[in-house]
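Peer 1: To be precise about what I am sending: the file is called query_9.cif and holds mmCIF, C-alpha atoms.
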data_data
loop_
_atom_site.label_atom_id
_atom_site.label_comp_id
_atom_site.auth_asym_id
_atom_site.auth_seq_id
_atom_site.Cartn_x
_atom_site.Cartn_y
_atom_site.Cartn_z
CA MET A 2 20.83 10.14 43.09
CA HIS A 3 17.67 9.93 45.20
CA GLU A 4 19.50 11.79 47.96
CA ALA A 5 20.29 14.63 45.55
CA LEU A 6 16.64 14.79 44.48
CA ALA A 7 15.61 14.84 48.14
CA ARG A 8 17.84 17.88 48.66
CA GLY A 9 15.63 19.74 46.22
CA LEU A 10 17.80 19.52 43.11
CA SER A 11 16.04 19.11 39.79
CA ARG A 12 16.75 16.11 37.58
CA ALA A 13 18.62 18.34 35.13
CA ALA A 14 20.81 19.63 37.97
CA VAL A 15 21.50 16.08 39.17
CA SER A 16 22.49 15.04 35.66
CA ARG A 17 25.19 17.73 35.66
CA GLU A 18 26.75 16.67 38.99
CA PRO A 19 28.28 13.25 38.17
CA ASP A 20 27.50 13.81 34.48
CA PRO A 21 25.55 10.55 33.94
CA GLY A 22 23.13 12.08 31.42
CA ILE A 23 19.53 13.14 31.87
CA GLN A 24 18.11 9.82 30.60
CA THR A 25 20.08 7.89 33.23
CA VAL A 26 18.88 10.28 35.93
CA ARG A 27 15.27 9.80 34.84
CA ARG A 28 15.61 6.01 34.85
CA PHE A 29 17.07 5.95 38.37
CA ALA A 30 14.65 8.59 39.66
CA ASN A 31 11.60 6.71 38.35
CA ALA A 32 12.75 3.41 39.88
CA ALA A 33 11.29 2.76 43.32
CA SER A 34 14.03 0.25 44.16
CA ALA A 35 17.31 -1.10 42.76
CA GLU A 36 15.55 -4.31 41.70
CA GLU A 37 13.63 -2.42 39.04
CA LEU A 38 16.77 -1.23 37.23
CA PRO A 39 18.13 -4.54 35.80
CA GLY A 40 14.73 -5.26 34.26
CA LYS A 41 15.22 -2.33 31.90
CA ALA A 42 18.32 -3.88 30.36
CA GLU A 43 16.86 -7.39 30.31
CA ASN A 44 14.08 -6.24 27.99
CA ARG A 45 16.43 -4.74 25.43
CA ALA A 46 16.98 -6.61 22.20
CA THR A 47 20.49 -7.98 21.63
CA ARG A 48 22.26 -9.73 18.78
CA LEU A 49 22.15 -12.95 20.78
CA ASP A 50 18.34 -13.15 21.04
CA PRO A 51 17.76 -15.53 18.09
CA TRP A 52 20.27 -18.01 19.57
CA ILE A 53 19.37 -17.81 23.27
CA ASP A 54 17.83 -21.29 23.23
CA VAL A 55 21.03 -22.76 21.76
CA VAL A 56 23.19 -20.99 24.34
CA ASN A 57 20.98 -22.22 27.19
CA GLN A 58 21.12 -25.77 25.88
CA ARG A 59 24.93 -25.76 25.56
CA TRP A 60 25.31 -24.23 29.03
CA ASN A 61 23.10 -26.92 30.59
CA GLU A 62 25.12 -29.56 28.73
CA GLY A 63 28.29 -28.35 30.46
CA ALA A 64 29.74 -25.82 28.01
CA ALA A 65 30.89 -22.76 29.94
CA ASN A 66 33.47 -21.02 27.77
CA ALA A 67 31.97 -18.00 25.98
CA GLU A 68 34.51 -18.14 23.15
CA ALA A 69 33.75 -21.82 22.49
CA ILE A 70 29.98 -21.24 22.49
CA THR A 71 30.46 -18.24 20.19
CA ALA A 72 32.42 -20.41 17.76
CA GLU A 73 29.55 -22.90 17.69
CA LEU A 74 27.09 -20.10 16.93
CA ARG A 75 29.06 -18.77 13.95
CA PRO A 76 27.83 -21.42 11.46
CA LEU A 77 24.28 -20.65 12.60
CA GLY A 78 24.62 -17.01 11.55
CA PHE A 79 25.62 -15.27 14.80
CA LYS A 80 27.79 -12.23 14.03
CA GLY A 81 28.19 -10.80 17.53
CA SER A 82 31.25 -10.98 19.74
CA ALA A 83 32.11 -13.43 22.50
CA GLN A 84 31.60 -10.56 24.95
CA VAL A 85 27.86 -10.61 24.17
CA VAL A 86 27.72 -14.32 25.07
CA ARG A 87 29.88 -13.78 28.15
CA ARG A 88 27.61 -10.98 29.37
CA TYR A 89 24.54 -13.20 28.97
CA LEU A 90 26.16 -16.11 30.86
CA GLN A 91 27.46 -13.95 33.72
CA PRO A 92 24.25 -14.13 35.84
CA LEU A 93 24.37 -17.94 35.55
CA ARG A 94 27.82 -18.12 37.17
CA LEU A 95 27.83 -18.21 40.96
CA PRO A 96 30.27 -15.94 42.85
CA ARG A 97 33.90 -17.12 43.08
CA SER A 98 33.45 -19.62 40.26
CA SER A 99 36.01 -20.14 37.51
CA PRO A 100 35.18 -17.85 34.54
CA GLY A 101 35.92 -20.50 31.94
CA HIS A 102 35.17 -23.75 33.78
CA PRO A 103 32.72 -23.27 36.67
CA GLY A 104 32.06 -26.50 38.53
CA PRO A 105 28.61 -28.12 38.45
CA HIS A 106 27.88 -26.70 41.90
CA ARG A 107 29.06 -23.19 40.98
CA ARG A 108 26.60 -22.55 38.17
CA ARG A 109 22.88 -21.91 37.85
CA HIS A 110 20.72 -23.97 35.52
CA ALA A 111 19.60 -22.05 32.43
CA SER A 112 15.95 -22.10 31.52
CA ALA A 113 15.08 -24.97 29.21
CA ALA A 114 11.86 -23.26 28.10
CA ARG A 115 11.81 -21.43 24.80
CA ALA A 116 13.05 -17.85 25.21
CA VAL A 117 10.27 -15.26 25.43
CA PRO A 118 10.61 -12.56 22.73
CA LYS A 119 11.56 -9.09 23.95
CA PRO A 120 8.77 -6.47 24.22
CA ARG A 121 10.19 -4.55 21.26
CA ALA A 122 10.05 -7.68 19.06
CA ILE A 123 6.44 -8.34 20.10
CA SER A 124 5.46 -4.71 19.44
CA ARG A 125 7.09 -4.76 16.01
CA ALA A 126 5.32 -7.99 15.07
CA LEU A 127 1.92 -6.72 16.25
CA LEU A 128 2.31 -3.49 14.24
CA THR A 129 3.50 -5.16 11.02
CA ARG A 130 1.10 -5.90 8.18
CA PRO A 131 0.14 -9.59 8.28
CA GLY A 132 1.29 -10.04 4.69
CA HIS A 133 4.74 -8.65 5.53
CA LEU A 134 5.38 -10.85 8.58
CA THR A 135 8.24 -13.30 8.52
CA GLN A 136 7.59 -16.84 9.71
CA ASP A 137 9.20 -16.08 13.08
CA ASP A 138 7.23 -12.84 13.53
CA ALA A 139 3.98 -14.59 12.61
CA LEU A 140 4.72 -17.16 15.33
CA ILE A 141 5.38 -14.33 17.82
CA VAL A 142 1.98 -12.79 17.02
CA LYS A 143 0.23 -16.14 17.32
CA ASN A 144 1.81 -17.04 20.66
CA ALA A 145 1.36 -13.54 22.12
CA THR A 146 -2.31 -13.18 21.18
CA THR A 147 -3.17 -16.76 22.13
CA GLY A 148 -1.61 -16.46 25.57
CA CYS A 149 -2.96 -12.99 26.41
CA PRO A 150 -6.57 -11.93 25.62
CA ARG A 151 -5.66 -8.27 26.17
CA LEU A 152 -2.96 -8.47 23.49
CA GLU A 153 -5.44 -10.20 21.19
CA HIS A 154 -7.91 -7.32 21.60
CA LEU A 155 -5.10 -4.81 21.14
CA HIS A 156 -4.00 -6.51 17.93
CA GLN A 157 -7.56 -6.48 16.58
CA HIS A 158 -7.92 -2.76 17.27
CA VAL A 159 -4.53 -1.98 15.70
CA ARG A 160 -5.29 -3.97 12.55
CA GLU A 161 -8.70 -2.32 12.21
CA LEU A 162 -7.20 1.17 12.56
CA ALA A 163 -4.55 0.29 9.98
CA LYS A 164 -7.28 -0.73 7.50
CA ILE A 165 -9.22 2.49 8.14
CA MET A 166 -6.11 4.57 7.46
CA ALA A 167 -4.80 2.57 4.48
CA GLN A 168 -8.19 2.38 2.76
CA ARG A 169 -9.16 5.95 3.72
CA ARG A 170 -12.38 4.92 5.46
CA GLY A 171 -12.46 7.95 7.73
CA GLN A 172 -16.20 7.66 8.29
CA GLU A 173 -15.53 4.49 10.32
CA LEU A 174 -13.12 6.20 12.73
CA PRO A 175 -15.81 7.31 15.28
CA ALA A 176 -17.03 3.71 15.55
CA TRP A 177 -13.43 2.53 16.09
CA LEU A 178 -12.96 5.12 18.83
CA ASP A 179 -16.17 3.96 20.53
CA ALA A 180 -14.99 0.34 20.44
CA VAL A 181 -11.59 1.22 21.91
CA GLU A 182 -13.08 3.37 24.69
CA ALA A 183 -15.43 0.51 25.61
CA ASP A 184 -12.53 -1.97 25.91
CA ASP A 185 -10.28 -2.50 28.94
CA LEU A 186 -7.07 -1.18 27.37
CA PRO A 187 -6.04 2.00 29.26
CA GLU A 188 -3.11 2.91 26.99
CA LEU A 189 -5.11 2.53 23.79
CA ARG A 190 -8.07 4.27 25.40
CA SER A 191 -5.81 7.23 26.15
CA LEU A 192 -4.80 7.32 22.48
CA ALA A 193 -8.46 7.26 21.43
CA THR A 194 -9.25 10.14 23.79
CA GLY A 195 -6.47 12.23 22.26
CA MET A 196 -7.58 11.34 18.72
CA ARG A 197 -11.16 12.32 19.50
CA HIS A 198 -9.96 15.66 20.88
CA ASP A 199 -7.81 16.25 17.78
CA LEU A 200 -10.70 15.21 15.53
CA GLY A 201 -12.88 17.89 17.07
CA ALA A 202 -10.15 20.49 16.60
CA VAL A 203 -9.67 19.51 12.95
CA GLU A 204 -13.40 19.69 12.24
CA GLY A 205 -13.52 23.14 13.82
CA ASN A 206 -10.64 24.37 11.66
CA VAL A 207 -12.22 22.95 8.51
CA THR A 208 -15.45 24.78 9.30
CA ARG A 209 -13.54 28.02 9.89
CA VAL A 210 -11.67 27.71 6.59
CA LYS A 211 -14.92 27.06 4.71
CA ARG A 212 -16.47 30.18 6.23
CA LEU A 213 -13.48 32.35 5.27
CA LYS A 214 -13.52 30.95 1.76
CA ARG A 215 -17.23 31.61 1.47
CA ASP A 216 -16.88 35.18 2.75
CA GLY A 217 -14.18 35.95 0.18
CA TYR A 218 -15.77 34.14 -2.75
CA GLY A 219 -15.17 36.12 -5.94
CA ARG A 220 -13.17 38.79 -4.10
CA ALA A 221 -10.06 37.05 -2.74
CA LYS A 222 -7.28 35.06 -4.38
CA SER A 223 -5.53 32.07 -2.78
CA ASP A 224 -2.72 34.18 -1.29
CA LEU A 225 -5.18 36.47 0.53
CA LEU A 226 -7.23 33.47 1.67
CA ARG A 227 -4.06 31.85 3.04
CA ALA A 228 -3.18 35.01 4.98
CA GLN A 229 -6.71 35.19 6.43
CA ILE A 230 -6.55 31.53 7.53
CA LEU A 231 -3.18 32.04 9.22
CA LEU A 232 -4.37 35.18 11.01
CA ALA A 233 -7.59 33.46 12.10
CA THR A 234 -5.69 30.59 13.71
#
Could you show the structure in this file as structure tokens?
Peer 2:
Amino acid sequence: MHEALARGLSRAAVSREPDPGIQTVRRFANAASAEELPGKAENRATRLDPWIDVVNQRWNEGAANAEAITAELRPLGFKGSAQVVRRYLQPLRLPRSSPGHPGPHRRRHASAARAVPKPRAISRALLTRPGHLTQDDALIVKNATTGCPRLEHLHQHVRELAKIMAQRRGQELPAWLDAVEADDLPELRSLATGMRHDLGAVEGNVTRVKRLKRDGYGRAKSDLLRAQILLAT
């Protein structure tokens, strides 16, 4: 794929050659090396995520059959297939090991530490109203913000913006933008810059509409005023 791009083909043209789809082409084109590609899939949420700790424990205890582990997960609420479990265990099996019964020297040890939530789960928990958080999501927020000061600052800014929007305290928005731009959060700072630009554009349009309305006071109905506003913009 990189060779095709080097020949001068566009990403859209490359996506039509082997027909992998434009999103796949973008993912491969943006990756500097092959090692970056598996990380994309590892961060995706799967049906197995709530039971990863149980699977790791059973694997370290000697269980290696995906169907058997899946059967043990059923009473706990797991509704996925054995293929999901098998796909998760595959990286733990060393090459040329028996699929169902790999020997103790043909298997990697699974992490005994508690599984880290996927980025999407952390994002969802941080953006959810505190009163609507489940017990598990509340724990995700607590662990994420306690272990990372940048996430703690991000969460504070997000909650404050949510209050401004929900309670319609628009007069506090400039102060919020100032606080975000003074913090070391590039992504959120970029959002604040865009909001400040849009805020200026909105204020300009409001002023223009007020002027048109004032000029036509007593002489123009709403339909004429609407046409004037559309033509002016």
Peer 1: Could you tell me which of A:Arg209, A:Arg94, A:Arg215, A:His198 comes closest to Ile230 of chain A if we count all atoms listed in the file?
Peer 2: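 Under the stated criterion, the closest residue is A:Arg209.
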Peer 1: Nearest residue to Val181 of chain A out of A:His133, A:Arg197, A:Lys119, A:Lys164, using only C-alpha atoms?
Peer 2: A:Arg197
Peer 1: Provide the atom CA of Leu90 of chain A to atom CA of Leu140 of chain A distance in Å, to one decimal place.
Peer 2: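 Between atom CA of Leu90 of chain A and atom CA of Leu140 of chain A the gap is 26.5 Å.
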Peer 1: Have a look at A:Ala167, A:Ala67, A:Leu152, A:Ile53 and name the one nearest to Arg115 of chain A; count all atoms listed in the file.
Peer 2: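 Ranking A:Ala167, A:Ala67, A:Leu152, A:Ile53 by distance to Arg115 of chain A, first place goes to A:Ile53.
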Peer 1: Residue by residue, what does the PyMOL selection byres ((chain A and resi 210) around 10) grab here? Present the result as a list of chain:residue names.
Peer 2: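 Selection result, ordered by chain and number: A:Glu204, A:Gly205, A:Asn206, A:Val207, A:Thr208, A:Arg209, A:Lys211, A:Arg212, A:Leu213, A:Lys214, A:Arg215, A:Asp216, A:Leu226, A:Arg227, A:Gln229, A:Ile230, A:Leu231, A:Ala233, A:Thr234.
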Peer 1: So how far away is atom CA of Asp50 of chain A from atom CA of Arg109 of chain A, in Å?
Peer 2: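 Atom CA of Asp50 of chain A lies at a distance of 19.5 Å from atom CA of Arg109 of chain A.
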Peer 1: Let me make sure I understand: among A:Leu178, A:Leu127, A:Leu134, A:Thr47, which one has the smallest atom-to-atom distance to Gln157 of chain A if we use only C-alpha atoms?
Peer 2: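 Nearest candidate to Gln157 of chain A out of A:Leu178, A:Leu127, A:Leu134, A:Thr47: A:Leu127.
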Peer 1: So which one's closest to Gln84 of chain A, A:Glu188, A:Gln172, A:Trp60, A:Arg48? Using all atoms listed in the file, please.
Peer 2: A:Arg48
Peer 1: Please determine, counting all atoms listed in the file, which residue among A:Val55, A:Gly63, A:Arg88, A:Pro150 has the shortest atom-to-atom distance to Arg75 of chain A.
Peer 2: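 Between A:Val55, A:Gly63, A:Arg88, A:Pro150, the residue approaching Arg75 of chain A most closely is A:Val55.
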Peer 1: Do you have the atom CA of Ser82 of chain A-atom CA of Leu95 of chain A distance handy?
Peer 2: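 Between atom CA of Ser82 of chain A and atom CA of Leu95 of chain A the gap is 22.7 Å.
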Peer 1: Around all of segment 79-94 of chain A's listed atoms, make the axis-aligned box with 6 Å on each side and tell me centre and edge lengths in Å to one decimal, as JSON.
Peer 2:
{"center_x": 28.2, "center_y": -14.3, "center_z": 25.6, "size_x": 19.9, "size_y": 19.6, "size_z": 35.1}
Peer 1: Name all residues at most 12 Å from Leu74 of chain A (count only C-alpha atoms; drop same-chain ones fewer than 2 positions away) and give them as a count of residues only.
Peer 2: 26
